[in-house]
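Raw work-v7.cif, mmCIF, C-alpha atoms and all ligand atoms:
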```cif
data_query
#
loop_
_atom_site.label_atom_id
_atom_site.label_comp_id
_atom_site.auth_asym_id
_atom_site.auth_seq_id
_atom_site.Cartn_x
_atom_site.Cartn_y
_atom_site.Cartn_z
CA MET A 25 -12.23 -21.94 -0.76
CA SER A 26 -9.76 -24.21 -2.51
CA ASP A 27 -6.10 -24.72 -1.78
CA THR A 28 -6.46 -24.35 1.95
CA ILE A 29 -4.77 -26.07 4.81
CA ASP A 30 -7.60 -27.16 7.02
CA SER A 31 -6.02 -26.24 10.31
CA ALA A 32 -9.29 -25.30 11.98
CA PRO A 33 -9.75 -27.51 15.01
CA LEU A 34 -13.12 -25.91 15.83
CA ASP A 35 -16.35 -27.39 14.56
CA ALA A 36 -18.36 -25.76 11.78
CA GLU A 37 -21.14 -24.64 14.13
CA GLU A 38 -18.75 -22.79 16.46
CA ILE A 39 -16.91 -21.20 13.53
CA SER A 40 -20.18 -19.96 12.13
CA GLN A 41 -21.10 -18.42 15.50
CA LEU A 42 -17.72 -16.74 15.88
CA ARG A 43 -17.95 -15.25 12.39
CA GLU A 44 -21.47 -14.03 13.09
CA LYS A 45 -20.30 -12.42 16.34
CA HIS A 46 -17.13 -10.69 15.11
CA TYR A 47 -17.39 -9.95 11.40
CA ASN A 48 -18.91 -6.70 10.17
CA GLY A 49 -17.92 -6.46 6.53
CA GLU A 50 -18.00 -8.42 3.29
CA ILE A 51 -15.59 -8.81 0.40
CA ILE A 52 -17.62 -7.69 -2.60
CA GLU A 53 -14.89 -8.14 -5.19
CA ARG A 54 -11.36 -9.43 -5.43
CA ILE A 55 -9.19 -8.46 -8.39
CA ASP A 56 -6.05 -10.58 -8.64
CA SER A 57 -2.92 -9.38 -10.43
CA HIS A 58 -1.36 -12.76 -9.70
CA SER A 59 -1.42 -15.39 -6.96
CA ASP A 60 0.31 -13.12 -4.42
CA LEU A 61 -1.11 -9.66 -5.20
CA SER A 62 -4.74 -8.56 -5.08
CA ARG A 63 -7.14 -5.66 -4.80
CA PHE A 64 -9.88 -6.37 -2.27
CA ARG A 65 -13.11 -4.39 -2.31
CA ILE A 66 -14.79 -4.61 1.08
CA ARG A 67 -18.12 -3.18 2.10
CA PRO A 68 -18.62 -2.67 5.85
CA ASP A 69 -22.16 -3.43 7.07
CA LEU A 70 -22.50 0.10 8.44
CA PRO A 71 -22.00 3.27 6.37
CA ILE A 72 -18.34 4.25 6.05
CA PRO A 73 -17.52 7.26 8.24
CA PRO A 74 -15.90 10.24 6.47
CA PHE A 75 -12.12 9.89 6.20
CA GLN A 76 -9.21 11.44 4.35
CA PRO A 77 -7.38 9.91 1.37
CA GLY A 78 -4.14 8.38 2.69
CA GLN A 79 -5.60 7.06 5.94
CA TYR A 80 -5.72 3.41 6.98
CA VAL A 81 -7.89 0.96 8.87
CA ALA A 82 -7.30 -2.41 10.52
CA ILE A 83 -8.75 -5.60 9.07
CA GLY A 84 -9.26 -8.61 11.31
CA LEU A 85 -9.72 -12.33 10.78
CA GLY A 86 -10.26 -15.09 13.32
CA ASN A 87 -7.29 -17.24 14.25
CA TRP A 88 -9.61 -20.17 13.60
CA GLU A 89 -9.66 -19.37 9.87
CA PRO A 90 -7.67 -21.72 7.62
CA ARG A 91 -4.51 -20.59 5.90
CA LEU A 92 -3.72 -20.70 2.21
CA LYS A 93 -1.72 -23.74 1.08
CA GLY A 94 1.92 -22.87 0.38
CA THR A 95 2.22 -20.40 3.25
CA GLN A 96 4.24 -20.85 6.42
CA ALA A 97 2.52 -23.12 8.94
CA GLU A 98 1.34 -21.61 12.20
CA GLU A 99 0.57 -23.32 15.50
CA VAL A 100 -2.25 -21.38 17.15
CA PRO A 101 -2.39 -21.97 20.91
CA GLU A 102 -5.81 -23.00 22.24
CA LYS A 103 -6.22 -19.75 24.22
CA LYS A 104 -5.83 -17.67 21.04
CA LEU A 105 -7.92 -19.83 18.77
CA ARG A 106 -11.18 -17.95 19.26
CA LYS A 107 -9.54 -14.50 19.01
CA LEU A 108 -8.99 -12.20 16.02
CA SER A 109 -5.70 -10.99 14.56
CA ARG A 110 -5.62 -7.59 12.93
CA ARG A 111 -3.33 -5.68 10.58
CA ALA A 112 -3.37 -2.11 9.27
CA TYR A 113 -4.14 -1.40 5.61
CA SER A 114 -3.99 1.88 3.72
CA ILE A 115 -7.19 2.59 1.89
CA SER A 116 -6.58 2.56 -1.85
CA CYS A 117 -9.03 3.62 -4.52
CA PRO A 118 -10.46 2.25 -7.79
CA MET A 119 -9.50 5.66 -9.30
CA LEU A 120 -12.00 5.32 -12.17
CA ASP A 121 -15.50 3.89 -12.26
CA GLY A 122 -17.03 1.72 -14.99
CA ASP A 123 -17.76 4.85 -17.06
CA GLN A 124 -14.12 5.98 -16.79
CA GLN A 125 -15.13 8.82 -14.48
CA LEU A 126 -13.04 9.70 -11.43
CA ALA A 127 -14.03 7.61 -8.40
CA PRO A 128 -12.51 9.25 -5.30
CA VAL A 129 -12.88 7.49 -1.95
CA ASP A 130 -15.64 9.82 -0.76
CA GLN A 131 -17.84 8.85 -3.72
CA ILE A 132 -17.87 5.08 -3.34
CA ASP A 133 -19.62 2.85 -0.80
CA TYR A 134 -16.84 0.34 -0.26
CA LEU A 135 -13.19 0.35 0.79
CA GLU A 136 -10.56 -0.80 -1.66
CA PHE A 137 -7.32 -2.36 -0.42
CA TYR A 138 -4.19 -3.29 -2.31
CA ILE A 139 -2.53 -6.20 -0.55
CA THR A 140 0.41 -8.49 -1.08
CA LEU A 141 0.49 -12.04 0.28
CA VAL A 142 3.31 -12.59 2.77
CA ARG A 143 3.93 -16.32 2.43
CA GLU A 144 6.56 -16.59 5.10
CA SER A 145 8.39 -14.56 7.65
CA ASP A 146 11.64 -12.90 6.72
CA SER A 147 12.25 -11.67 10.26
CA PRO A 148 14.93 -13.22 12.52
CA ASP A 149 12.27 -14.67 14.87
CA LYS A 150 10.58 -16.48 11.93
CA LYS A 151 7.14 -15.72 13.38
CA PRO A 152 4.61 -16.80 10.76
CA PRO A 153 2.65 -14.07 8.98
CA VAL A 154 -0.81 -13.97 10.49
CA LEU A 155 -3.32 -12.14 8.36
CA THR A 156 -2.48 -12.39 4.67
CA PRO A 157 -2.27 -16.23 4.53
CA ARG A 158 -5.88 -16.23 5.79
CA LEU A 159 -7.07 -13.26 3.75
CA PHE A 160 -5.83 -14.67 0.45
CA ASN A 161 -8.03 -17.69 1.09
CA LEU A 162 -11.11 -15.50 0.79
CA GLY A 163 -13.12 -14.16 -2.10
CA ALA A 164 -16.34 -12.33 -2.93
CA GLY A 165 -19.09 -13.07 -0.41
CA ASP A 166 -16.69 -13.94 2.44
CA ARG A 167 -16.83 -11.90 5.61
CA LEU A 168 -14.24 -10.35 7.91
CA GLU A 169 -13.79 -7.61 10.47
CA VAL A 170 -13.16 -3.99 9.49
CA GLN A 171 -12.28 -1.83 12.47
CA LYS A 172 -14.67 1.07 12.88
CA LYS A 173 -12.02 3.78 13.20
CA ILE A 174 -10.22 4.94 10.07
CA VAL A 175 -7.02 6.66 11.20
CA GLY A 176 -3.66 8.11 10.17
CA THR A 177 -1.86 11.37 9.60
CA TYR A 178 -0.46 10.52 6.16
CA VAL A 179 -2.83 12.89 4.38
CA LEU A 180 -2.95 15.82 1.96
CA GLU A 181 -2.63 18.73 4.33
CA ASN A 182 -1.79 22.28 3.21
CA VAL A 183 -1.43 21.35 -0.46
CA ALA A 184 -2.21 24.41 -2.60
CA PRO A 185 -3.79 23.91 -6.06
CA ASP A 186 -0.59 24.74 -7.99
CA ASP A 187 1.87 22.79 -5.83
CA THR A 188 3.68 19.71 -7.11
CA VAL A 189 2.83 16.50 -5.29
CA LEU A 190 5.50 13.79 -5.51
CA MET A 191 4.42 10.37 -4.25
CA LEU A 192 6.99 7.58 -4.03
CA GLY A 193 5.81 4.09 -3.19
CA THR A 194 7.19 0.57 -3.21
CA GLY A 195 4.85 -2.32 -4.04
CA THR A 196 1.50 -1.94 -2.32
CA GLY A 197 2.76 1.36 -0.85
CA GLU A 198 1.07 2.83 -3.91
CA ALA A 199 -2.34 2.33 -2.20
CA PRO A 200 -2.68 5.64 -0.30
CA HIS A 201 -1.20 7.53 -3.24
CA ASN A 202 -3.97 6.29 -5.52
CA ALA A 203 -6.55 7.61 -3.07
CA MET A 204 -4.73 10.96 -2.79
CA ALA A 205 -4.12 11.37 -6.52
CA THR A 206 -7.77 10.71 -7.38
CA LYS A 207 -8.94 13.20 -4.78
CA LEU A 208 -6.53 15.87 -6.06
CA LEU A 209 -7.74 15.36 -9.63
CA ALA A 210 -11.39 15.41 -8.54
CA ASP A 211 -10.71 18.69 -6.71
CA GLY A 212 -9.22 20.25 -9.85
CA HIS A 213 -5.59 20.30 -8.67
CA ARG A 214 -3.53 22.20 -11.26
CA GLY A 215 0.04 21.42 -10.17
CA LYS A 216 1.86 18.23 -11.17
CA ILE A 217 0.79 15.01 -9.47
CA VAL A 218 3.68 12.58 -9.83
CA ASN A 219 2.78 9.04 -8.74
CA VAL A 220 5.95 6.94 -8.73
CA THR A 221 6.07 3.24 -7.90
CA SER A 222 8.92 0.78 -7.64
CA VAL A 223 8.01 -2.89 -7.97
CA ARG A 224 9.88 -6.10 -8.68
CA LYS A 225 8.19 -6.92 -11.96
CA ARG A 226 5.77 -5.28 -14.37
CA SER A 227 3.21 -7.94 -13.39
CA ASP A 228 3.15 -6.24 -9.97
CA LEU A 229 1.57 -3.08 -11.41
CA ALA A 230 -2.05 -3.75 -10.49
CA TYR A 231 -3.32 -0.29 -11.42
CA ALA A 232 -1.42 0.21 -14.69
CA LEU A 233 -4.58 0.53 -16.81
CA GLU A 234 -6.16 3.11 -14.51
CA HIS A 235 -2.97 5.15 -14.38
CA SER A 236 -2.62 5.15 -18.11
CA ALA A 237 -6.25 6.31 -18.57
CA LEU A 238 -5.67 9.09 -16.00
CA SER A 239 -2.44 10.20 -17.69
CA GLU A 240 -4.33 10.57 -20.98
CA LYS A 241 -7.18 12.51 -19.40
CA PHE A 242 -5.17 14.80 -17.12
CA PRO A 243 -2.02 16.48 -18.47
CA GLN A 244 -0.88 17.33 -14.92
CA TYR A 245 -0.87 13.62 -13.93
CA ARG A 246 2.31 11.54 -14.26
CA TYR A 247 2.52 7.82 -13.47
CA LEU A 248 6.08 6.57 -13.32
CA PRO A 249 6.46 2.82 -12.75
CA PHE A 250 9.94 1.31 -12.26
CA THR A 251 11.01 -2.33 -11.87
CA THR A 252 13.94 -4.07 -10.20
CA ARG A 253 13.58 -7.75 -11.19
CA ASP A 254 12.48 -7.89 -14.83
CA PRO A 255 14.92 -9.16 -17.50
CA GLU A 256 16.00 -5.61 -18.43
CA ASN A 257 16.93 -5.04 -14.79
CA LEU A 258 18.96 -8.23 -14.37
CA ASP A 259 20.44 -9.27 -17.71
CA PRO A 260 23.25 -7.00 -18.98
CA SER A 261 22.89 -8.52 -22.47
CA HIS A 262 19.24 -7.44 -22.67
CA PRO A 263 18.81 -4.84 -25.47
CA ASN A 264 17.02 -2.49 -23.05
CA PHE A 265 19.19 -3.21 -20.00
CA VAL A 266 18.71 -0.50 -17.36
CA GLY A 267 19.83 -2.28 -14.16
CA LYS A 268 17.77 -2.29 -10.97
CA GLN A 269 15.73 0.88 -10.80
CA TYR A 270 15.72 1.97 -7.18
CA LEU A 271 13.97 5.21 -6.30
CA GLN A 272 17.00 6.53 -4.43
CA SER A 273 19.30 6.39 -7.47
CA LEU A 274 16.55 7.62 -9.82
CA PHE A 275 16.18 10.68 -7.60
CA THR A 276 19.87 11.49 -7.11
CA SER A 277 20.71 10.99 -10.80
CA GLY A 278 18.01 13.48 -11.83
CA GLN A 279 16.18 10.78 -13.85
CA LEU A 280 13.08 11.17 -11.73
CA ALA A 281 12.81 14.92 -12.29
CA LYS A 282 13.36 14.36 -16.01
CA ALA A 283 10.66 11.67 -16.20
CA ALA A 284 8.31 13.85 -14.14
CA ASP A 285 9.08 16.82 -16.38
CA ASP A 286 9.35 18.92 -13.25
CA PRO A 287 12.29 20.25 -11.23
CA LEU A 288 10.82 18.70 -8.05
CA SER A 289 11.96 21.72 -6.10
CA PRO A 290 11.43 21.92 -2.32
CA LYS A 291 9.98 25.39 -2.97
CA ASN A 292 6.70 23.96 -4.25
CA THR A 293 6.89 20.16 -3.93
CA HIS A 294 5.24 18.01 -1.25
CA VAL A 295 6.82 14.57 -0.89
CA PHE A 296 4.99 11.42 0.25
CA LEU A 297 6.91 8.16 0.86
CA CYS A 298 5.14 4.88 1.52
CA GLY A 299 5.98 1.20 1.76
CA ASN A 300 9.27 -0.58 2.42
CA PRO A 301 11.20 0.99 5.34
CA ALA A 302 14.49 0.58 3.44
CA MET A 303 13.23 2.92 0.71
CA ILE A 304 12.03 5.44 3.28
CA GLY A 305 15.25 5.23 5.29
CA TYR A 306 14.01 6.45 8.65
CA VAL A 307 16.64 6.16 11.38
CA ALA A 308 15.50 6.70 14.97
CA PRO A 309 17.51 9.31 16.90
CA GLY A 310 20.70 7.69 18.22
CA ALA A 311 20.37 4.55 16.03
CA ASP A 312 23.08 3.41 13.58
CA PRO A 313 22.75 4.68 10.00
CA LEU A 314 21.35 2.21 7.44
CA PRO A 315 23.81 0.38 5.13
CA THR A 316 22.13 2.01 2.10
CA PRO A 317 20.51 5.41 2.56
CA GLY A 318 16.79 5.66 1.97
CA MET A 319 14.92 8.59 0.48
CA LEU A 320 14.75 10.64 3.69
CA PRO A 321 18.45 11.63 3.90
CA LEU A 322 18.65 12.11 0.12
CA LEU A 323 15.64 14.41 0.10
CA LYS A 324 16.97 16.35 3.08
CA ALA A 325 20.29 16.82 1.27
CA ALA A 326 18.23 18.25 -1.63
CA GLY A 327 16.58 20.84 0.64
CA PHE A 328 13.42 19.03 1.80
CA ARG A 329 12.54 18.82 5.50
CA ASP A 330 10.90 16.48 8.01
CA GLU A 331 7.22 16.97 8.71
CA SER A 332 8.12 17.41 12.38
CA ASP A 333 10.24 20.50 11.50
CA GLY A 334 7.63 23.24 11.67
CA GLU A 335 4.49 23.70 9.62
CA VAL A 336 3.57 21.14 6.98
CA GLY A 337 3.67 22.63 3.49
CA PRO A 338 5.75 22.72 0.29
CA GLY A 339 9.15 21.12 0.93
CA THR A 340 7.78 18.77 3.62
CA ILE A 341 8.44 15.02 3.52
CA ARG A 342 5.65 12.80 4.89
CA PHE A 343 6.03 9.04 5.21
CA GLU A 344 4.19 5.83 6.09
CA LYS A 345 6.25 2.74 6.91
CA TYR A 346 4.53 -0.63 6.33
CA TRP A 347 6.78 -2.58 8.70
C1 LIG B 1 -0.14 2.04 8.37
C2 LIG B 1 0.07 0.75 7.60
C3 LIG B 1 -0.57 0.55 6.40
C4 LIG B 1 -0.37 -0.62 5.69
N1 LIG B 1 -0.96 -0.77 4.47
C5 LIG B 1 -0.73 -1.88 3.73
C6 LIG B 1 -1.30 -2.00 2.42
O1 LIG B 1 -2.03 -1.11 1.93
N2 LIG B 1 -1.03 -3.13 1.72
C7 LIG B 1 -0.22 -4.14 2.23
O2 LIG B 1 -0.01 -5.14 1.53
N3 LIG B 1 0.32 -4.02 3.46
C8 LIG B 1 0.08 -2.95 4.22
N4 LIG B 1 0.61 -2.84 5.48
C9 LIG B 1 1.27 -4.03 6.07
C10 LIG B 1 0.20 -4.90 6.79
O3 LIG B 1 -0.24 -4.24 7.96
C11 LIG B 1 0.72 -6.28 7.19
O4 LIG B 1 1.90 -6.16 7.93
C12 LIG B 1 0.97 -7.18 5.98
O5 LIG B 1 -0.20 -7.37 5.21
C13 LIG B 1 1.47 -8.55 6.42
O6 LIG B 1 0.57 -9.08 7.36
P1 LIG B 1 0.72 -10.57 7.88
O7 LIG B 1 -0.03 -10.72 9.16
O8 LIG B 1 0.39 -11.54 6.80
O9 LIG B 1 2.25 -10.69 8.14
P2 LIG B 1 3.06 -10.07 9.43
O10 LIG B 1 3.05 -11.08 10.53
O11 LIG B 1 2.49 -8.76 9.75
O12 LIG B 1 4.49 -10.06 8.77
C14 LIG B 1 5.12 -8.84 8.56
C15 LIG B 1 6.27 -9.02 7.58
O13 LIG B 1 5.72 -9.11 6.27
C16 LIG B 1 6.45 -8.29 5.37
N5 LIG B 1 5.49 -7.29 4.80
C17 LIG B 1 4.51 -6.63 5.46
N6 LIG B 1 3.81 -5.83 4.62
C18 LIG B 1 4.35 -6.00 3.40
C19 LIG B 1 4.06 -5.45 2.15
N7 LIG B 1 3.05 -4.57 1.97
N8 LIG B 1 4.82 -5.82 1.10
C20 LIG B 1 5.82 -6.71 1.26
N9 LIG B 1 6.15 -7.28 2.46
C21 LIG B 1 5.42 -6.94 3.50
C22 LIG B 1 7.56 -7.64 6.18
O14 LIG B 1 8.72 -8.41 6.01
C23 LIG B 1 7.10 -7.75 7.58
O15 LIG B 1 8.15 -7.87 8.50
C24 LIG B 1 0.46 -1.66 6.21
C25 LIG B 1 1.09 -1.47 7.45
C26 LIG B 1 0.91 -0.28 8.14
C27 LIG B 1 1.62 -0.08 9.44
#
```
How would this structure read if it were set down as structure tokens?
Amino acid sequence: MSDTIDSAPLDAEEISQLREKHYNGEIIERIDSHSDLSRFRIRPDLPIPPFQPGQYVAIGLGNWEPRLKGTQAEEVPEKKLRKLSRRAYSISCPMLDGDQQLAPVDQIDYLEFYITLVRESDSPDKKPPVLTPRLFNLGAGDRLEVQKKIVGTYVLENVAPDDTVLMLGTGTGEAPHNAMATKLLADGHRGKIVNVTSVRKRSDLAYALEHSALSEKFPQYRYLPFTTRDPENLDPSHPNFVGKQYLQSLFTSGQLAKAADDPLSPKNTHVFLCGNPAMIGYVAPGADPLPTPGMLPLLKAAGFRDESDGEVGPGTIRFEKYW
């Protein structure tokens, strides 16, 4: 564990006892895309209960654990020092195994997570991020808590084999889509599976190799990555200048349908939105509209409907907000 701030005021013996008491899972592998973005493979001590692709589980770490250097400092009050803090994480998927065969979540004995490091708070109260500064201090062999219950309603329900499945994610919001896409392919889904992700830079595409292998193997699979902060997004003199590629404008301009090679019609398309709330654009009843519309109003204008409006099926929009 290098690069840590040793903020732990408890002695080594007590820390060891607390870990022994609370932790029930082990990091078996950590795959870094860069310093702030990683895939964590975690094996719970007990067998993983059956769950559906798209669901999530909470991960916990003790407040006594040290934080990564270069992250916002946190004062932990004495009464909270021996407690755990937990956060929810969608269960992602390795997609392919070492033999390049499909590896859906029900055929592996660990949970894969796709997590970004939040170095400091961007909220008005400036409350320091709790979990990721501690998690990113850990590697293979380190232990943590994985809550026993895997939960969530963001799942593939009522998707017929020839339907189109359109998944739009920002950043690590791709995680549940990777689990869903792999399951659909393993089940022989015939309709288009369009896995779209919007990230800042190409270096934030942690699963690019897997997606490209899947696209070659399965003609119905489309992986569409878009960036907002690479040189071709920011520099008008760049030979391939395209501007910032936000999902909202890609959808309304028709570029997304063109890239997907599919009309993305509400008649046979299921939409899944995951990640940044601004992309999703949910507005609670009675609240002010957002300054820039998210995908929800744009999709509704195109004939899609909320999952709360009647039976879930083609034309339904399902979403998972990360904050
Ligand atoms: C159902 C659900 C599933 C989730 N799945 C994932 C996942 O698969 N991967 C993942 O990285 N996060 C995921 N999150 C977010 C996660 O629960 C934590 O909020 C996040 O890891 C930050 O935790 P923290 O304690 O370090 O910071 P917090 O104290 O929780 O700080 C939260 C702030 O961090 C920022 N933030 C939170 N999550 C992200 C993110 N993913 N990308 C960019 N900024 C973020 C926001 O500004 C937010 O206000 C999920 C959240 C929910 C509700």
Taking all atoms listed in the file and a cut-off of 8 Å, can you tell me which residues surround ligand LIG 1 (chain B), written as a compact mmCIF listing (two decimals) with C-alpha atoms, keeping the file's coordinate frame?
```txt
# COMPACT_ATOMS: atom_id res chain seq x y z
CA GLN A 79 -5.60 7.06 5.94
CA TYR A 80 -5.72 3.41 6.98
CA VAL A 81 -7.89 0.96 8.87
CA ALA A 82 -7.30 -2.41 10.52
CA SER A 109 -5.70 -10.99 14.56
CA ARG A 110 -5.62 -7.59 12.93
CA ARG A 111 -3.33 -5.68 10.58
CA ALA A 112 -3.37 -2.11 9.27
CA TYR A 113 -4.14 -1.40 5.61
CA SER A 114 -3.99 1.88 3.72
CA ILE A 115 -7.19 2.59 1.89
CA SER A 116 -6.58 2.56 -1.85
CA PHE A 137 -7.32 -2.36 -0.42
CA TYR A 138 -4.19 -3.29 -2.31
CA ILE A 139 -2.53 -6.20 -0.55
CA THR A 140 0.41 -8.49 -1.08
CA LEU A 141 0.49 -12.04 0.28
CA VAL A 142 3.31 -12.59 2.77
CA ARG A 143 3.93 -16.32 2.43
CA GLU A 144 6.56 -16.59 5.10
CA SER A 145 8.39 -14.56 7.65
CA ASP A 146 11.64 -12.90 6.72
CA SER A 147 12.25 -11.67 10.26
CA LYS A 151 7.14 -15.72 13.38
CA PRO A 152 4.61 -16.80 10.76
CA PRO A 153 2.65 -14.07 8.98
CA VAL A 154 -0.81 -13.97 10.49
CA LEU A 155 -3.32 -12.14 8.36
CA THR A 156 -2.48 -12.39 4.67
CA PRO A 157 -2.27 -16.23 4.53
CA ARG A 158 -5.88 -16.23 5.79
CA GLY A 176 -3.66 8.11 10.17
CA GLY A 195 4.85 -2.32 -4.04
CA THR A 196 1.50 -1.94 -2.32
CA GLY A 197 2.76 1.36 -0.85
CA GLU A 198 1.07 2.83 -3.91
CA ALA A 199 -2.34 2.33 -2.20
CA PRO A 200 -2.68 5.64 -0.30
CA GLY A 299 5.98 1.20 1.76
CA ASN A 300 9.27 -0.58 2.42
CA GLU A 344 4.19 5.83 6.09
CA LYS A 345 6.25 2.74 6.91
CA TYR A 346 4.53 -0.63 6.33
CA TRP A 347 6.78 -2.58 8.70
```
Original post:
Please, what distance in Å, to one decimal, runs between atom CA of Thr251 of chain A and atom CA of Thr95 of chain A?
Top reply: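 Atom CA of Thr95 of chain A lies at a distance of 25.1 Å from atom CA of Thr251 of chain A.
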Subject >> Å distance separating atom CA of Tyr270 of chain A from atom CA of Glu240 of chain A, one decimal place >> reply: 25.8 Å
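Using only C-alpha atoms, the shortest contact distance between Tyr306 of chain A and any of A:Gly212, A:Asp286, A:Ala325, A:Asp330 is found at A:Asp330.
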**OP:** Enumerate, as a PyMOL selection string, the protein, DNA and RNA residues whose atoms approach (8.5, 17.1, -12.8) to within 9 Å, taking into account only C-alpha atoms and the coordinate frame of the file.
**Re:** chain A and resi 188+190+216-218+246+280-289
Same residues, C-alpha atoms, output as a PDB file, in the coordinates of the input:
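That gives us out-v6.pdb:
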```pdb
ATOM      1  CA  THR A 188       3.680  19.710  -7.110  1.00  0.00           C
ATOM      2  CA  LEU A 190       5.500  13.790  -5.510  1.00  0.00           C
ATOM      3  CA  LYS A 216       1.860  18.230 -11.170  1.00  0.00           C
ATOM      4  CA  ILE A 217       0.790  15.010  -9.470  1.00  0.00           C
ATOM      5  CA  VAL A 218       3.680  12.580  -9.830  1.00  0.00           C
ATOM      6  CA  ARG A 246       2.310  11.540 -14.260  1.00  0.00           C
ATOM      7  CA  LEU A 280      13.080  11.170 -11.730  1.00  0.00           C
ATOM      8  CA  ALA A 281      12.810  14.920 -12.290  1.00  0.00           C
ATOM      9  CA  LYS A 282      13.360  14.360 -16.010  1.00  0.00           C
ATOM     10  CA  ALA A 283      10.660  11.670 -16.200  1.00  0.00           C
ATOM     11  CA  ALA A 284       8.310  13.850 -14.140  1.00  0.00           C
ATOM     12  CA  ASP A 285       9.080  16.820 -16.380  1.00  0.00           C
ATOM     13  CA  ASP A 286       9.350  18.920 -13.250  1.00  0.00           C
ATOM     14  CA  PRO A 287      12.290  20.250 -11.230  1.00  0.00           C
ATOM     15  CA  LEU A 288      10.820  18.700  -8.050  1.00  0.00           C
ATOM     16  CA  SER A 289      11.960  21.720  -6.100  1.00  0.00           C
TER      17      SER A 289
END
```
Subject >> Distance in Å - atom CA of Ile66 of chain A versus atom CA of Ala127 of chain A >> reply: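 Atom-to-atom, atom CA of Ile66 of chain A to atom CA of Ala127 of chain A, that is 15.5 Å.
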Subject >> Test item: residues at most 10 Å from Leu208 of chain A, all atoms listed in the file, excluding those fewer than 2 positions along its chain, as a PyMOL selection string >> reply: chain A and resi 77+128+180+183+185+189+202-206+210-215+217+245
**OP:** For Thr316 of chain A, work out the shell of residues within 10 Å, counting all atoms listed in the file and skipping chain neighbours fewer than 3 positions away, then give it as number ranges by chain.
**Re:** A: 272, 302-303, 305, 313, 319
Could you model N, CA and C atoms for segment 100-112 of chain A and present them as a short mmCIF file (atom, residue, chain, number, x, y, z; two decimals), in the coordinates of the input?
```cif
data_model
loop_
_atom_site.label_atom_id
_atom_site.label_comp_id
_atom_site.auth_asym_id
_atom_site.auth_seq_id
_atom_site.Cartn_x
_atom_site.Cartn_y
_atom_site.Cartn_z
N VAL A 100 -1.50 -22.36 16.35
CA VAL A 100 -2.25 -21.38 17.15
C VAL A 100 -2.56 -22.01 18.51
N PRO A 101 -2.08 -21.39 19.60
CA PRO A 101 -2.39 -21.97 20.91
C PRO A 101 -3.88 -21.91 21.21
N GLU A 102 -4.38 -22.87 21.93
CA GLU A 102 -5.81 -23.00 22.24
C GLU A 102 -6.40 -21.68 22.76
N LYS A 103 -5.65 -20.97 23.62
CA LYS A 103 -6.22 -19.75 24.22
C LYS A 103 -6.37 -18.61 23.20
N LYS A 104 -5.71 -18.73 22.06
CA LYS A 104 -5.83 -17.67 21.04
C LYS A 104 -6.76 -18.06 19.89
N LEU A 105 -7.21 -19.28 19.92
CA LEU A 105 -7.92 -19.83 18.77
C LEU A 105 -9.23 -19.10 18.45
N ARG A 106 -9.88 -18.62 19.48
CA ARG A 106 -11.18 -17.95 19.26
C ARG A 106 -11.02 -16.42 19.17
N LYS A 107 -9.78 -15.95 19.09
CA LYS A 107 -9.54 -14.50 19.01
C LYS A 107 -9.27 -14.07 17.56
N LEU A 108 -9.28 -12.73 17.36
CA LEU A 108 -8.99 -12.20 16.02
C LEU A 108 -7.57 -11.65 15.97
N SER A 109 -6.97 -11.70 14.80
CA SER A 109 -5.70 -10.99 14.56
C SER A 109 -5.98 -9.89 13.56
N ARG A 110 -5.33 -8.75 13.78
CA ARG A 110 -5.62 -7.59 12.93
C ARG A 110 -4.33 -7.00 12.36
N ARG A 111 -4.45 -6.41 11.18
CA ARG A 111 -3.33 -5.68 10.58
C ARG A 111 -3.88 -4.40 9.95
N ALA A 112 -2.98 -3.40 9.86
CA ALA A 112 -3.37 -2.11 9.27
C ALA A 112 -3.26 -2.16 7.75
#
```
